[in-house]
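Chemist: Have a look at the structure that comes next, please.
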Amino acid sequence: METARFIIELLVVLGAIIMGTRSSGVGLGLWGGAGVAVLVFVMGLPIGSPPVDALLIVMAVIVASSMMQVAGGIDWMVSIAAKLISKNPKAITFVAPLVSFLFAVGAGTSNILYPLLPVIQDLSYRNGVRPSRPLSLSVVATGVALACSPVSAAMAAMVTLTAVNPYNFELIDIIKITFPAALIGIVVAAIFVNKLGKDIENDPEIQAKISSGEIPAPDAGGAVAQVQVTVTRAGRNAALIFFAGVAAIVVFGLFKNLRPQDAAGDPISMTPLIQVLMLLVGTLIWLVCRPDVKEVPGTSVFKAGMVSAIALFGLAWLTDTFLGAHTEMIANGVGSMVQSAPWIFALGVFLVCVLTTSQSTATRTVVPIGLAAGMAPGLLSGMWAAAFAGIYLLPTNGSQIAAANFDISGSTKLGTKLYDHSFFVPTLMLTVTTIVPGALLGLVLG
């Protein structure tokens, strides 16, 4: 009887996730809340705790990031990233993904990639590099970047799960594993991706377009596409203030003795500290750069962030309600499998990323199961980061569509099946090349 109830309740959870996935965005949060209602009112489970701390971090970061965007900070960051990429055009398959990764880490969002896509396409094509190579890996790299950013929604969800007793695995403990693992993964993946597809001179489709005059022949001496952004002093200052806030979060994470003390005389945890620092960053941007606050709710960062927050709210509450009622059963049943084959956990995060295209949702859905099953936080963090590439396994993400549309050579394809697009192999490749160093670093540093 107990097993039957467990299966029915699990089906409720999975059904809510599937329905939310079909509607996506805000629908994920709504269906998560509906699932909580069924578990509580129909199945009689004790209601779980909504992810308040994670939501407050996300909201604080959204406000600060949106203020930076209104002030022109993201435009300034994009211009700097474009200059870095253009300095080494022949090695663009390596440079473009690394630059895209680093700026996504700093900004806490992969949206920074969009204005860079035409620059990556143009530079690669003009220098005889098949554009699909740097474009595809740059897109996938920004997904993994969110597991390394102190200010991403996914990290907010993660740190509120691991920083509590008995784990006490804080922000900096996670980043010192995920960041180097991702860097290694991108470089190794780039070696393989740099061989994917035929070279421009050997590709009959590209050569046919050149012969017909549809596209020009590659010309390294020609003018390079410019980033369509407006760079201002206020934008530069806003970005520098935001980066200073990110740096402060890292410093407080590294040196606990620098943090203010709580009522018991202990250093306060990073969760409220991130919230306070991000609100302070937003305020400083407002005072120094004078952006129009009324424009904040209309920014792309604010809209995307709030959608992610709503999805996180509903689904995290759903999984907490379910897991809270069955922690012992899951620990006993899943624990032995995860302990003997940790890749099962990584596969779970990967698949939820594929289905929901949300790293924060995957974090709140699967990470509690891994922790309940007894996985060490260090090993868990390394595998968690690698699985984030999963959001690009299917060609449905906006940045994938944009990359294909910007590629005038047609080498970046969305495909006609679910596996024949240009991002499929780079996604799997980056997952594997990140999970290995991630697991090793997790075992050593965790």
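Ordering of the structure tokens sets the chain letters (A, B, ...); residue numbers start at 1 within each chain; ligands are numbered from 1 in the order shown.
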Per residue of segment 190-264 of chain A within 10 Å of segment 422-425 of chain A, what are the shortest atom pair and its distance in Å to one decimal, counting only C-alpha atoms, with rows by chain and residue number, as a Markdown table?
Modeler:
| residue | atom | partner | partner_atom | distance |
| --- | --- | --- | --- | --- |
| A:Phe192 | CA | A:Val425 | CA | 9.7 |
| A:Val193 | CA | A:Val425 | CA | 8.1 |
| A:Leu196 | CA | A:Val425 | CA | 8.8 |
| A:Gly197 | CA | A:Ser422 | CA | 9.1 |
Chemist: Since we have the selection now, will you write its residues out, keeping N, CA and C atoms, as a PDB file, in the first residue's frame?
Modeler:
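What landed in result-v1.pdb:
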ATOM      1  N   PHE A 192      37.772  18.863 -30.217  1.00  0.00           N
ATOM      2  CA  PHE A 192      36.953  17.953 -31.019  1.00  0.00           C
ATOM      3  C   PHE A 192      35.998  18.716 -31.935  1.00  0.00           C
ATOM      4  N   VAL A 193      35.367  19.765 -31.397  1.00  0.00           N
ATOM      5  CA  VAL A 193      34.403  20.540 -32.187  1.00  0.00           C
ATOM      6  C   VAL A 193      35.092  21.200 -33.374  1.00  0.00           C
ATOM      7  N   LEU A 196      34.577  19.188 -36.397  1.00  0.00           N
ATOM      8  CA  LEU A 196      33.228  18.813 -36.811  1.00  0.00           C
ATOM      9  C   LEU A 196      32.860  19.476 -38.140  1.00  0.00           C
ATOM     10  N   GLY A 197      32.251  18.712 -39.010  1.00  0.00           N
ATOM     11  CA  GLY A 197      31.806  19.263 -40.287  1.00  0.00           C
ATOM     12  C   GLY A 197      32.952  19.490 -41.246  1.00  0.00           C
TER      13      GLY A 197
END
Chemist: Give me, as JSON, numbers by chain, all polymer residues having an atom no more than 10 Å from segment 316-324 of chain A, counting only C-alpha atoms and skipping those fewer than 3 positions away in the same chain.
Modeler: {"A": [6, 9, 10, 12, 13, 14, 16, 17, 29, 31, 32, 33, 34, 35, 36, 37, 38, 39, 40, 45, 46, 47, 48, 49, 50, 51, 52, 54, 157, 310, 311, 312, 313, 327, 328, 329, 330, 331, 360, 361, 362, 363, 364, 365, 366, 368, 369, 372]}
Chemist: Could the residues in this selection be written to a file with C-alpha atoms, as a JSON list (two decimals), in the first residue's frame?
Modeler:
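Writing done, so here's out.json:
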[["chain", "number", "residue", "atom", "x", "y", "z"],
["A", 6, "PHE", "CA", 4.55, 6.51, -3.42],
["A", 9, "GLU", "CA", 2.49, 10.65, -5.78],
["A", 10, "LEU", "CA", 5.57, 10.32, -7.98],
["A", 12, "VAL", "CA", 1.66, 13.44, -9.83],
["A", 13, "VAL", "CA", 5.08, 15.10, -9.63],
["A", 14, "LEU", "CA", 6.17, 13.82, -13.04],
["A", 16, "ALA", "CA", 3.11, 18.33, -13.27],
["A", 17, "ILE", "CA", 6.65, 18.61, -14.64],
["A", 29, "GLY", "CA", 5.59, 27.44, -12.00],
["A", 31, "TRP", "CA", 1.83, 23.43, -12.89],
["A", 32, "GLY", "CA", 4.29, 23.05, -10.01],
["A", 33, "GLY", "CA", 1.81, 24.84, -7.75],
["A", 34, "ALA", "CA", -1.03, 22.68, -9.07],
["A", 35, "GLY", "CA", 1.03, 19.60, -8.23],
["A", 36, "VAL", "CA", 1.52, 20.87, -4.68],
["A", 37, "ALA", "CA", -2.25, 21.29, -4.36],
["A", 38, "VAL", "CA", -2.89, 17.69, -5.47],
["A", 39, "LEU", "CA", -0.25, 16.28, -3.11],
["A", 40, "VAL", "CA", -1.56, 18.28, -0.15],
["A", 45, "LEU", "CA", 1.05, 15.04, 2.30],
["A", 46, "PRO", "CA", 2.48, 17.71, 4.62],
["A", 47, "ILE", "CA", 3.12, 20.84, 2.61],
["A", 48, "GLY", "CA", 6.76, 21.52, 1.84],
["A", 49, "SER", "CA", 8.68, 24.76, 2.08],
["A", 50, "PRO", "CA", 8.75, 27.15, -0.89],
["A", 51, "PRO", "CA", 12.29, 28.15, -1.97],
["A", 52, "VAL", "CA", 12.15, 31.57, -0.32],
["A", 54, "ALA", "CA", 16.60, 31.12, -3.55],
["A", 157, "ALA", "CA", 19.03, 27.49, -6.10],
["A", 310, "ILE", "CA", 8.14, 31.74, -11.15],
["A", 311, "ALA", "CA", 9.18, 28.39, -12.64],
["A", 312, "LEU", "CA", 11.59, 27.86, -9.74],
["A", 313, "PHE", "CA", 8.90, 28.80, -7.21],
["A", 327, "THR", "CA", 13.21, 11.32, 2.31],
["A", 328, "GLU", "CA", 13.98, 8.04, 4.06],
["A", 329, "MET", "CA", 12.54, 5.89, 1.28],
["A", 330, "ILE", "CA", 14.46, 7.80, -1.40],
["A", 331, "ALA", "CA", 17.68, 7.72, 0.60],
["A", 360, "SER", "CA", 17.52, 26.39, -11.85],
["A", 361, "THR", "CA", 14.51, 24.08, -12.20],
["A", 362, "ALA", "CA", 16.79, 21.09, -12.73],
["A", 363, "THR", "CA", 18.77, 22.11, -9.66],
["A", 364, "ARG", "CA", 15.79, 22.29, -7.31],
["A", 365, "THR", "CA", 14.28, 19.14, -8.79],
["A", 366, "VAL", "CA", 17.22, 16.72, -8.80],
["A", 368, "PRO", "CA", 17.77, 17.38, -3.28],
["A", 369, "ILE", "CA", 17.47, 13.76, -4.42],
["A", 372, "ALA", "CA", 19.18, 12.75, 0.22]]
Chemist: Using only C-alpha atoms, which residues of segment 203-309 of chain A come within 7 Å of segment 63-84 of chain A, and what is the closest atom pair for each, with the distance in Å to one decimal? Give it as JSON lines, sorted by chain and residue number.
Modeler:
{"residue": "A:Val227", "atom": "CA", "partner": "A:Ser79", "partner_atom": "CA", "distance": 6.6}
{"residue": "A:Val229", "atom": "CA", "partner": "A:Asp75", "partner_atom": "CA", "distance": 5.5}
{"residue": "A:Thr230", "atom": "CA", "partner": "A:Asp75", "partner_atom": "CA", "distance": 6.4}
{"residue": "A:Val231", "atom": "CA", "partner": "A:Trp76", "partner_atom": "CA", "distance": 5.3}
{"residue": "A:Thr232", "atom": "CA", "partner": "A:Gly72", "partner_atom": "CA", "distance": 6.8}
{"residue": "A:Ala234", "atom": "CA", "partner": "A:Ala71", "partner_atom": "CA", "distance": 6.1}
{"residue": "A:Gly235", "atom": "CA", "partner": "A:Gly72", "partner_atom": "CA", "distance": 3.9}
{"residue": "A:Arg236", "atom": "CA", "partner": "A:Trp76", "partner_atom": "CA", "distance": 5.6}
{"residue": "A:Ala238", "atom": "CA", "partner": "A:Gly73", "partner_atom": "CA", "distance": 5.1}
{"residue": "A:Ala239", "atom": "CA", "partner": "A:Gly73", "partner_atom": "CA", "distance": 4.5}
{"residue": "A:Met278", "atom": "CA", "partner": "A:Ala64", "partner_atom": "CA", "distance": 5.8}
{"residue": "A:Leu279", "atom": "CA", "partner": "A:Ala64", "partner_atom": "CA", "distance": 6.3}
{"residue": "A:Val281", "atom": "CA", "partner": "A:Ala64", "partner_atom": "CA", "distance": 6.0}
{"residue": "A:Gly282", "atom": "CA", "partner": "A:Ala64", "partner_atom": "CA", "distance": 4.1}
{"residue": "A:Ile285", "atom": "CA", "partner": "A:Met67", "partner_atom": "CA", "distance": 6.7}
{"residue": "A:Cys289", "atom": "CA", "partner": "A:Ala71", "partner_atom": "CA", "distance": 6.4}
{"residue": "A:Pro291", "atom": "CA", "partner": "A:Ala71", "partner_atom": "CA", "distance": 4.9}
{"residue": "A:Glu295", "atom": "CA", "partner": "A:Val70", "partner_atom": "CA", "distance": 6.8}
{"residue": "A:Val296", "atom": "CA", "partner": "A:Ser66", "partner_atom": "CA", "distance": 5.6}
{"residue": "A:Thr299", "atom": "CA", "partner": "A:Ser66", "partner_atom": "CA", "distance": 6.4}
{"residue": "A:Val301", "atom": "CA", "partner": "A:Ser66", "partner_atom": "CA", "distance": 5.7}
{"residue": "A:Phe302", "atom": "CA", "partner": "A:Ser66", "partner_atom": "CA", "distance": 5.6}
Chemist: Counting only C-alpha atoms, what is within 10 Å of Phe169 of chain A, bar same-chain residues fewer than 5 positions away, as a PyMOL selection string?
Modeler: chain A and resi 158-164+174+376-378+381+446
Chemist: Counting only C-alpha atoms, what are the residues of segment 253-370 of chain A within 10 Å of segment 96-112 of chain A, and for each of them which pair of atoms is the nearest and at what distance in Å, to one decimal? Sort the table by chain and rising number, as a Markdown table.
Modeler:
| residue | atom | partner | partner_atom | distance |
| --- | --- | --- | --- | --- |
| A:Ser300 | CA | A:Asn111 | CA | 8.5 |
| A:Val301 | CA | A:Asn111 | CA | 7.8 |
| A:Ala304 | CA | A:Asn111 | CA | 9.2 |
| A:Gly305 | CA | A:Thr109 | CA | 9.0 |
Chemist: Provide the atom CA of Tyr419 of chain A to atom CA of Val129 of chain A distance in Å, to one decimal place.
Modeler: 23.1 Å
Chemist: So which one's closest to Asn405 of chain A, A:Ile200, A:Val276, A:Val151, A:Leu117? Using only C-alpha atoms, please.
Modeler: A:Leu117
Chemist: Rounded to one decimal, what separation in Å do you get between atom CA of Leu371 of chain A and atom CA of Ser269 of chain A?
Modeler: 19.5 Å
Chemist: Near Glu205 of chain A, counting only C-alpha atoms, which residues have an atom at most 9 Å away, once you skip same-chain residues fewer than 6 positions from it, shown as an MDAnalysis selection string?
Modeler: chainID A and resid 409:411
Chemist: What is the distance, in Å and to one decimal place, between atom CA of Ala244 of chain A and atom CA of Ile175 of chain A?
Modeler: 17.3 Å
Chemist: Let me make sure I understand: among A:Gly25, A:Pro131, A:Gly442, A:Pro426, which one has the smallest atom-to-atom distance to Met375 of chain A if we use only C-alpha atoms?
Modeler: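 Ranked by minimum distance to Met375 of chain A, first place goes to A:Gly442.
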Chemist: Pick out the residues sitting within 10 Å of Gln339 of chain A, and hand them over as a PyMOL selection string; count only C-alpha atoms, and ignore anything fewer than 5 positions along from it in its own chain.
Modeler: chain A and resi 334+344-345+370+373-376
Chemist: Would you mind listing what lies within 6 Å of Leu430 of chain A as a list in words, with only C-alpha atoms counted and same-chain residues fewer than 3 positions away left out?
Modeler: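 Contacts, with the query itself left out: Gly185, Ala189, Pro426, Thr427, Thr433 and Thr434 of chain A.
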Chemist: Skip Ile268 of chain A itself and residues of its chain fewer than 5 positions away, then list as an mmCIF file with C-alpha atoms, in the first residue's frame all residues within 10 Å of it, counting only C-alpha atoms.
Modeler:
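Now in result.cif:
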data_model
loop_
_atom_site.group_PDB
_atom_site.id
_atom_site.type_symbol
_atom_site.label_atom_id
_atom_site.label_comp_id
_atom_site.auth_asym_id
_atom_site.auth_seq_id
_atom_site.Cartn_x
_atom_site.Cartn_y
_atom_site.Cartn_z
ATOM 1 C CA LYS A 256 34.544 34.130 6.270
ATOM 2 C CA ASN A 257 36.215 36.386 8.823
ATOM 3 C CA LEU A 258 35.378 39.403 6.643
ATOM 4 C CA ARG A 259 31.643 38.792 6.878
ATOM 5 C CA PRO A 260 29.410 40.553 9.410
ATOM 6 C CA GLN A 261 28.388 38.440 12.377
ATOM 7 C CA ASP A 262 24.967 37.102 13.247
ATOM 8 C CA ALA A 263 23.343 37.226 16.696
ATOM 9 C CA LEU A 273 24.902 38.370 1.957
#
Chemist: Considering only C-alpha atoms, state which residue in the set A:Ala190, A:Leu11, A:Ala309, A:Leu28 is at the smallest distance from Arg133 of chain A.
Modeler: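 Closest to Arg133 of chain A of all the choices is A:Ala190.
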Chemist: Tell me, which residues of segment 151-337 of chain A carry DSSP alpha helix (DSSP H), written as a ChimeraX atom specification?
Modeler: /A:153-162,171-193,204-212,233-254,270-289,300-325,327-337
Chemist: Tell me which of A:Val354, A:Leu315, A:Val144, A:Ile435 sits closest to Phe388 of chain A, counting only C-alpha atoms.
Modeler: A:Val144
